Amino acid sequence: MPDHDVLVVGAGPAGSVAAAEAKRAAPELDVLLIERDPFVGTPVRCAEGVGDPGLREFADPDGAPWAARKITRVIILAPDDTEVKVAWSDVAWILDRTRFDAALAAQAAAEGVEVQVATEAVGMGRTADGRWAMRLRTSSGEETVRAHVVIGADGVETMVGRWAGLDTRVPARDMESCAQYVLDGIDFDADAIYLQFGDHIAPGGYAWLFPKSERSANVGLGIVALKSDGRNAREYLDEWIARRYAGGTRTGYTVGGVIVHHTLKRTHTDGVMICGDAAHMVNPLSGGGIVNAMKSGRLAGRAAAAAIRAGDTSQARLASYHQAWMDLLGEAHLKYYRIKQALADLDDAFFNGLARTVNGIPSHKRTLGRVFAHALVRHPQLIPVAARFFV
Ligand SMILES: Cc1cc2nc3c(=O)[nH]c(=O)nc-3n(C[C@H](O)[C@H](O)[C@H](O)COP(=O)(O)OP(=O)(O)OC[C@H]3O[C@@H](n4cnc5c(N)ncnc54)[C@H](O)[C@@H]3O)c2cc1C
């Protein structure tokens, strides 16, 4: 049975960064990164938007072939189509995930990580000596490999977490079903991302347009099925597109789930850590998870290297990974989650009113603090939302 020090399951942003970091932190370790799909980065199930500062911690977007578009504005549409323009102090980017994910995996390989595609983890159990044995399926059959530490970076449908006995269940109200087209030949401000909220547009979620080029964009939405009127995400999306972007050519279609929950109570056990979407490390307000995945992958990779070097891969030792994540972003996500719950009680009429209040502030003075202060005075319904931020 082949032995590895670290086995990383899933070559998304979390897995590639975790594998690269483990190898960088302890070059003597044997690190294997496996990916179920035949090509890293394909299929794309993502709107591909990321903030500049978080991205730059891992890769330089200037002139990179995987950076599709620079974004400098956000246009928020209230349920009644009132438009609110907000300048973004930090630039954002729309990625080409096919190339970006492949570039991260190539970076891991350059560090000395063994990358194996078309290799699916199909089962996992403990060995007599306390390591993990993972059954892998490839086109040439099944094999079993052993590892001191397994990092589960296997996305929303994580099996590694379940096999390790972690509670990875998602409350139905915190699971968004998304549908997205690539739409060509439509008109929009190509330096801006568009977000629209509304119970009749995207119940429990929001609709988005993220530009890929001057006239091509990812156009999609996410809904919480429990709040829908019986239609699925694609039906809501078709209606939104018919109203706003009729005439565009649909050159791509994808569906996917986004977990808008908070970090799992436990993301580790003896010899196992899970990170990224697998551990629900997504911003529950925005649904953004790419940078979070990379940040958690970095922590998991470093924790794996340190634990193996110390000869202690126990749950107690790996608890430092969970704690480091909670300190970095997990506690903040818990606050955002509470705000999300409080916002869910507000209706479309409230958001239409809020949009008009914000538009009453001169655009050059629309800082987040000022918007919030104005909004609190004019819309006392926001007070419980603000209160949730501090509990
Ligand atoms: C429609 C949609 C739009 C989104 N838009 C954005 C956005 O604009 N910005 C943003 O920040 N986030 C967005 N997200 C979320 C973002 O895509 C994820 O948070 C991010 O990809 C998480 O990275 P990850 O590495 O944890 O998981 P993933 O990127 O899902 O990677 C997991 C990998 O594991 C592999 N895998 C799974 N099981 C196995 C197995 N058993 N064996 C081997 N390999 C396995 C999968 O094939 C996959 O490659 C969106 C999500 C959806 C669905």
# chains A, B, ... in the order shown; residues from 1 in each chain; ligands from 1
call {"tool": "select_by_dssp", "arguments": {"residues": "stretch 104-216 of chain A", "states": "strand (DSSP E or B)", "output": "ChimeraX atom specification"}}
result
/A:114-116,120-126,132-138,141-152,175-184,192-196,207-213,216
call {"tool": "write_last_selection", "arguments": {"atoms": "C-alpha atoms", "output": "CSV table (one decimal), in the first residue's frame"}}
result
chain,number,residue,atom,x,y,z
A,114,GLU,CA,2.3,15.0,-6.6
A,115,VAL,CA,-0.9,15.9,-8.4
A,116,GLN,CA,-3.1,13.1,-9.7
A,120,GLU,CA,-11.7,9.9,-6.9
A,121,ALA,CA,-11.6,9.2,-3.1
A,122,VAL,CA,-14.4,6.6,-2.6
A,123,GLY,CA,-13.9,5.5,1.0
A,124,MET,CA,-11.7,5.9,4.1
A,125,GLY,CA,-10.9,4.0,7.3
A,126,ARG,CA,-8.3,3.8,10.1
A,132,TRP,CA,-5.9,6.7,7.4
A,133,ALA,CA,-6.3,4.4,4.5
A,134,MET,CA,-8.1,5.9,1.5
A,135,ARG,CA,-9.6,3.9,-1.4
A,136,LEU,CA,-9.1,5.7,-4.7
A,137,ARG,CA,-10.8,5.0,-8.0
A,138,THR,CA,-9.1,5.7,-11.3
A,141,GLY,CA,-9.3,0.4,-11.2
A,142,GLU,CA,-9.1,0.9,-7.4
A,143,GLU,CA,-6.1,1.2,-5.1
A,144,THR,CA,-5.7,2.1,-1.4
A,145,VAL,CA,-3.2,4.6,-0.1
A,146,ARG,CA,-2.2,5.4,3.5
A,147,ALA,CA,-1.6,8.9,5.0
A,148,HIS,CA,-0.7,10.4,8.3
A,149,VAL,CA,-2.9,13.4,7.6
A,150,VAL,CA,-5.9,13.7,5.3
A,151,ILE,CA,-7.1,17.1,4.3
A,152,GLY,CA,-10.6,17.1,3.0
A,175,MET,CA,-28.4,25.9,1.4
A,176,GLU,CA,-28.8,28.0,-1.7
A,177,SER,CA,-29.5,26.4,-5.1
A,178,CYS,CA,-27.8,28.4,-7.9
A,179,ALA,CA,-28.2,28.5,-11.6
A,180,GLN,CA,-26.0,30.6,-14.0
A,181,TYR,CA,-25.7,31.2,-17.7
A,182,VAL,CA,-22.7,32.8,-19.5
A,183,LEU,CA,-24.6,35.4,-21.5
A,184,ASP,CA,-23.0,37.0,-24.6
A,192,ALA,CA,-19.3,46.9,-12.4
A,193,ILE,CA,-20.9,43.9,-10.8
A,194,TYR,CA,-24.7,44.0,-10.4
A,195,LEU,CA,-26.6,42.5,-7.5
A,196,GLN,CA,-30.4,42.4,-7.2
A,207,ALA,CA,-29.3,37.6,-8.6
A,208,TRP,CA,-26.0,38.7,-10.1
A,209,LEU,CA,-24.2,39.8,-13.2
A,210,PHE,CA,-20.4,39.5,-13.2
A,211,PRO,CA,-18.7,40.8,-16.4
A,212,LYS,CA,-16.2,38.6,-18.1
A,213,SER,CA,-15.6,41.0,-21.0
A,216,SER,CA,-20.2,38.8,-21.9
call {"tool": "residues_near_ligand", "arguments": {"ligand": "ligand 1", "cutoff": "7 Å", "atoms": "only C-alpha atoms and all ligand atoms", "output": "PyMOL selection string"}}
result
chain A and resi 9-15+34-37+40-41+45-50+119-122+153-159+178-180+220+254-258+275-278+282+287-291+293
call {"tool": "closest_residue", "arguments": {"among": "A:Ala316, A:Phe197, A:Tyr245, A:Met273", "to": "A:Ile76", "atoms": "only C-alpha atoms"}}
result
A:Phe197
call {"tool": "closest_residue", "arguments": {"among": "A:Gly301, A:Gly360, A:Gly353, A:Gly311", "to": "A:Val8", "atoms": "only C-alpha atoms"}}
result
A:Gly301
call {"tool": "residues_around", "arguments": {"residues": "A:Asp347", "least_positions_apart": "4", "cutoff": "12 Å", "atoms": "only C-alpha atoms", "output": "mmCIF file with N, CA and C atoms, in the first residue's frame"}}
result
data_model
loop_
_atom_site.group_PDB
_atom_site.id
_atom_site.type_symbol
_atom_site.label_atom_id
_atom_site.label_comp_id
_atom_site.auth_asym_id
_atom_site.auth_seq_id
_atom_site.Cartn_x
_atom_site.Cartn_y
_atom_site.Cartn_z
ATOM 1 N N ALA A 78 -32.496 47.434 -6.059
ATOM 2 C CA ALA A 78 -33.535 47.090 -5.079
ATOM 3 C C ALA A 78 -34.583 46.225 -5.787
ATOM 4 N N PRO A 79 -35.463 45.584 -5.023
ATOM 5 C CA PRO A 79 -36.486 44.730 -5.656
ATOM 6 C C PRO A 79 -37.306 45.464 -6.717
ATOM 7 N N ASP A 80 -37.522 46.809 -6.534
ATOM 8 C CA ASP A 80 -38.313 47.557 -7.534
ATOM 9 C C ASP A 80 -37.429 48.171 -8.619
ATOM 10 N N PHE A 197 -31.681 42.024 -5.192
ATOM 11 C CA PHE A 197 -32.374 41.253 -4.159
ATOM 12 C C PHE A 197 -33.875 41.339 -4.406
ATOM 13 N N GLY A 198 -34.629 40.460 -3.802
ATOM 14 C CA GLY A 198 -36.085 40.562 -3.905
ATOM 15 C C GLY A 198 -36.730 39.192 -3.800
ATOM 16 N N ASP A 199 -37.825 39.144 -3.036
ATOM 17 C CA ASP A 199 -38.490 37.854 -2.817
ATOM 18 C C ASP A 199 -39.025 37.252 -4.106
ATOM 19 N N HIS A 200 -39.435 38.112 -5.070
ATOM 20 C CA HIS A 200 -39.957 37.569 -6.325
ATOM 21 C C HIS A 200 -38.838 37.344 -7.343
ATOM 22 N N PRO A 203 -35.688 34.468 -4.015
ATOM 23 C CA PRO A 203 -36.046 34.352 -2.595
ATOM 24 C C PRO A 203 -34.939 33.691 -1.769
ATOM 25 N N GLY A 204 -34.510 34.399 -0.712
ATOM 26 C CA GLY A 204 -33.481 33.861 0.180
ATOM 27 C C GLY A 204 -32.072 34.073 -0.335
ATOM 28 N N ALA A 342 -31.240 38.062 10.639
ATOM 29 C CA ALA A 342 -32.064 39.229 10.970
ATOM 30 C C ALA A 342 -32.594 39.888 9.696
ATOM 31 N N LEU A 343 -31.765 39.942 8.649
ATOM 32 C CA LEU A 343 -32.197 40.561 7.388
ATOM 33 C C LEU A 343 -33.331 39.768 6.744
ATOM 34 N N PHE A 351 -36.471 47.141 1.635
ATOM 35 C CA PHE A 351 -35.255 47.322 0.832
ATOM 36 C C PHE A 351 -35.444 48.396 -0.246
ATOM 37 N N ASN A 352 -36.676 48.527 -0.766
ATOM 38 C CA ASN A 352 -36.936 49.607 -1.726
ATOM 39 C C ASN A 352 -36.745 50.963 -1.044
ATOM 40 N N GLY A 353 -37.251 51.080 0.198
ATOM 41 C CA GLY A 353 -37.113 52.325 0.957
ATOM 42 C C GLY A 353 -35.651 52.602 1.280
ATOM 43 N N LEU A 354 -34.934 51.560 1.651
ATOM 44 C CA LEU A 354 -33.516 51.712 2.003
ATOM 45 C C LEU A 354 -32.716 52.213 0.789
ATOM 46 N N GLN A 381 -36.291 49.505 11.639
ATOM 47 C CA GLN A 381 -36.316 48.028 11.537
ATOM 48 C C GLN A 381 -34.900 47.460 11.497
ATOM 49 N N LEU A 382 -33.918 48.335 11.152
ATOM 50 C CA LEU A 382 -32.534 47.848 11.047
ATOM 51 C C LEU A 382 -31.864 47.702 12.409
#
call {"tool": "atom_distance", "arguments": {"atom1": "atom CA of A:Arg69", "atom2": "atom CA of A:Tyr337"}}
result
29.3 Å
call {"tool": "residues_around", "arguments": {"residues": "A:Val170", "least_positions_apart": "5", "cutoff": "10 Å", "atoms": "only C-alpha atoms", "output": "list in words"}}
result
Val156, Met175, Ile259, Val260, His261, His262, Leu264 and His280 of chain A
call {"tool": "atom_distance", "arguments": {"atom1": "atom CA of A:Arg99", "atom2": "atom CA of A:Phe39"}}
result
10.4 Å
call {"tool": "closest_residue", "arguments": {"among": "A:Arg356, A:Arg370, A:Arg97, A:Arg317", "to": "A:Ala303", "atoms": "only C-alpha atoms"}}
result
A:Arg317
call {"tool": "decode", "arguments": {"residues": "stretch 114-130 of chain A", "atoms": "all heavy atoms", "output": "CSV table (one decimal), in the first residue's frame"}}
result
chain,number,residue,atom,x,y,z
A,114,GLU,N,2.7,15.9,-5.5
A,114,GLU,CA,2.3,15.0,-6.6
A,114,GLU,C,0.8,15.2,-6.8
A,114,GLU,O,0.0,15.1,-5.9
A,114,GLU,CB,2.5,13.5,-6.2
A,114,GLU,CG,2.2,12.5,-7.2
A,114,GLU,CD,2.3,11.1,-6.8
A,114,GLU,OE1,2.9,10.9,-5.7
A,114,GLU,OE2,1.7,10.2,-7.4
A,115,VAL,N,0.5,15.6,-8.1
A,115,VAL,CA,-0.9,15.9,-8.4
A,115,VAL,C,-1.4,14.8,-9.3
A,115,VAL,O,-0.8,14.5,-10.3
A,115,VAL,CB,-1.0,17.3,-9.1
A,115,VAL,CG1,-2.5,17.6,-9.4
A,115,VAL,CG2,-0.4,18.4,-8.3
A,116,GLN,N,-2.6,14.2,-8.9
A,116,GLN,CA,-3.1,13.1,-9.7
A,116,GLN,C,-4.6,13.5,-10.0
A,116,GLN,O,-5.4,13.6,-9.1
A,116,GLN,CB,-3.1,11.9,-8.8
A,116,GLN,CG,-2.6,10.6,-9.5
A,116,GLN,CD,-2.5,9.5,-8.5
A,116,GLN,OE1,-1.6,9.4,-7.7
A,116,GLN,NE2,-3.5,8.6,-8.5
A,117,VAL,N,-4.9,13.6,-11.3
A,117,VAL,CA,-6.3,13.9,-11.7
A,117,VAL,C,-7.0,12.6,-12.1
A,117,VAL,O,-6.4,11.6,-12.1
A,117,VAL,CB,-6.3,14.9,-13.0
A,117,VAL,CG1,-5.9,16.3,-12.6
A,117,VAL,CG2,-5.6,14.3,-14.1
A,118,ALA,N,-8.3,12.8,-12.3
A,118,ALA,CA,-9.2,11.6,-12.6
A,118,ALA,C,-9.0,10.5,-11.6
A,118,ALA,O,-9.0,9.3,-11.9
A,118,ALA,CB,-8.8,11.0,-14.0
A,119,THR,N,-8.9,11.0,-10.3
A,119,THR,CA,-8.7,10.1,-9.2
A,119,THR,C,-9.7,10.4,-8.1
A,119,THR,O,-9.6,11.5,-7.5
A,119,THR,CB,-7.3,10.2,-8.7
A,119,THR,OG1,-6.4,9.9,-9.7
A,119,THR,CG2,-7.0,9.2,-7.5
A,120,GLU,N,-10.6,9.6,-7.8
A,120,GLU,CA,-11.7,9.9,-6.9
A,120,GLU,C,-11.5,9.1,-5.6
A,120,GLU,O,-11.3,7.9,-5.6
A,120,GLU,CB,-13.1,9.5,-7.5
A,120,GLU,CG,-14.2,9.9,-6.6
A,120,GLU,CD,-15.6,9.6,-7.2
A,120,GLU,OE1,-15.6,8.9,-8.2
A,120,GLU,OE2,-16.6,10.1,-6.7
A,121,ALA,N,-11.6,9.8,-4.5
A,121,ALA,CA,-11.6,9.2,-3.1
A,121,ALA,C,-13.0,8.5,-3.0
A,121,ALA,O,-14.0,9.2,-3.1
A,121,ALA,CB,-11.3,10.2,-2.0
A,122,VAL,N,-13.1,7.2,-2.7
A,122,VAL,CA,-14.4,6.6,-2.6
A,122,VAL,C,-14.6,6.0,-1.2
A,122,VAL,O,-15.7,5.4,-1.0
A,122,VAL,CB,-14.6,5.5,-3.7
A,122,VAL,CG1,-14.7,6.2,-5.0
A,122,VAL,CG2,-13.5,4.5,-3.7
A,123,GLY,N,-13.7,6.0,-0.3
A,123,GLY,CA,-13.9,5.5,1.0
A,123,GLY,C,-12.7,5.6,1.9
A,123,GLY,O,-11.6,5.7,1.4
A,124,MET,N,-12.9,5.6,3.2
A,124,MET,CA,-11.7,5.9,4.1
A,124,MET,C,-11.9,5.2,5.4
A,124,MET,O,-13.0,5.1,5.9
A,124,MET,CB,-11.7,7.4,4.3
A,124,MET,CG,-10.7,8.0,5.1
A,124,MET,SD,-10.7,9.8,4.9
A,124,MET,CE,-11.1,10.3,6.6
A,125,GLY,N,-10.8,4.6,6.0
A,125,GLY,CA,-10.9,4.0,7.3
A,125,GLY,C,-9.6,4.1,8.0
A,125,GLY,O,-8.6,4.4,7.4
A,126,ARG,N,-9.6,3.8,9.3
A,126,ARG,CA,-8.3,3.8,10.1
A,126,ARG,C,-7.6,2.5,9.9
A,126,ARG,O,-8.2,1.5,9.7
A,126,ARG,CB,-8.6,3.9,11.6
A,126,ARG,CG,-9.2,5.2,12.1
A,126,ARG,CD,-8.6,6.5,11.6
A,126,ARG,NE,-7.3,6.8,12.2
A,126,ARG,CZ,-7.1,7.5,13.3
A,126,ARG,NH1,-8.1,7.8,14.1
A,126,ARG,NH2,-5.9,7.8,13.8
A,127,THR,N,-6.2,2.6,9.9
A,127,THR,CA,-5.4,1.4,9.9
A,127,THR,C,-5.0,1.1,11.3
A,127,THR,O,-5.2,1.9,12.2
A,127,THR,CB,-4.1,1.7,9.0
A,127,THR,OG1,-3.4,2.7,9.6
A,127,THR,CG2,-4.5,2.0,7.6
A,128,ALA,N,-4.4,-0.1,11.5
A,128,ALA,CA,-4.1,-0.6,12.8
A,128,ALA,C,-3.1,0.4,13.5
A,128,ALA,O,-3.1,0.6,14.7
A,128,ALA,CB,-3.5,-2.0,12.7
A,129,ASP,N,-2.2,1.0,12.7
A,129,ASP,CA,-1.2,1.9,13.2
A,129,ASP,C,-1.7,3.4,13.4
A,129,ASP,O,-0.9,4.3,13.6
A,129,ASP,CB,0.1,1.8,12.4
A,129,ASP,CG,-0.1,2.3,11.0
A,129,ASP,OD1,-1.3,2.8,10.7
A,129,ASP,OD2,0.8,2.3,10.2
A,130,GLY,N,-3.0,3.6,13.2
A,130,GLY,CA,-3.5,4.9,13.5
A,130,GLY,C,-3.5,5.9,12.3
A,130,GLY,O,-3.9,7.0,12.4
